[in-house]
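Colleague: Quick one: the structure is below, questions incoming.
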Amino acid sequence: MTTHEDHKFSITIHSDDLAVVNCLRALSKYSQKTGNNNIPWGGTKDKDWVRDGHQATFHFSTGKDFCQN
C-alpha cells in the first residue's frame, strides 16, 4: 500500500469549472493503479478548491500514472 510519502509526483491545475475538477478527481483515482488511490485527489474537495483560488493539486506515486500515451 502506498503512503503520502510515496506520492512524489504532482500536477496543479486551475479551472473555474468545478465539473472539470470533479472529472480530474475521478481520473486521478482511476489512474493510480497501485496502493491507496484516494491519495491522488486528497485536498481537492470543493471547499479546498474555493480556498485555493480554483486550483487543485493531484499527487501520484509514479510519473507513469499521469503521463501515459
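Identifiers in this document derive from the order of the C-alpha cells: chains are assigned A, B, ..., residues are numbered from 1 separately in each chain, and ligands are numbered from 1 in order of occurrence.
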Near region 49-62 of chain A, counting only C-alpha atoms, which residues have an atom at most 9 Å away, once you skip same-chain residues fewer than 5 positions from it, shown as a PyMOL selection string?

Modeller: chain A and resi 2-18+21+24-25+28+31-32+34-35+37+39-44

Colleague: Could you go through chain A and tell me which residues DSSP, when run on the backbone, assigns to strand (DSSP E), listing them as a PyMOL selection string?

Modeller: chain A and resi 9-14+55-60

Colleague: Mind listing the alpha helix (DSSP H) residues of chain A, per DSSP on the backbone, as a list in words?

Modeller: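 Alpha helix (DSSP H) assignments inside chain A correspond to Leu18, Ala19, Val20, Val21, Asn22, Cys23, Leu24, Arg25, Ala26, Leu27, Ser28, Lys29, Tyr30, Ser31, Asp46, Lys47, Asp48, Trp49, Val50 and Arg51 of chain A.
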
Colleague: Go ahead and write the residues just picked, C-alpha atoms, as a short mmCIF file (atom, residue, chain, number, x, y, z; two decimals), in the first residue's frame.

Modeller:
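Done, and the output landed in part.cif:
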data_model
loop_
_atom_site.label_atom_id
_atom_site.label_comp_id
_atom_site.auth_asym_id
_atom_site.auth_seq_id
_atom_site.Cartn_x
_atom_site.Cartn_y
_atom_site.Cartn_z
CA LEU A 18 -15.95 22.68 -10.77
CA ALA A 19 -17.22 19.94 -13.11
CA VAL A 20 -13.74 19.76 -14.67
CA VAL A 21 -12.18 19.40 -11.22
CA ASN A 22 -14.62 16.59 -10.40
CA CYS A 23 -13.68 14.78 -13.61
CA LEU A 24 -9.99 15.15 -12.78
CA ARG A 25 -10.62 13.72 -9.31
CA ALA A 26 -12.16 10.62 -10.87
CA LEU A 27 -9.35 10.31 -13.43
CA SER A 28 -6.67 10.65 -10.76
CA LYS A 29 -8.34 7.96 -8.65
CA TYR A 30 -8.59 5.67 -11.67
CA SER A 31 -5.03 6.29 -12.86
CA ASP A 46 -14.93 21.71 -3.19
CA LYS A 47 -14.04 23.83 -0.14
CA ASP A 48 -10.30 23.30 -0.81
CA TRP A 49 -10.73 24.31 -4.46
CA VAL A 50 -12.53 27.53 -3.45
CA ARG A 51 -9.97 28.31 -0.72
#
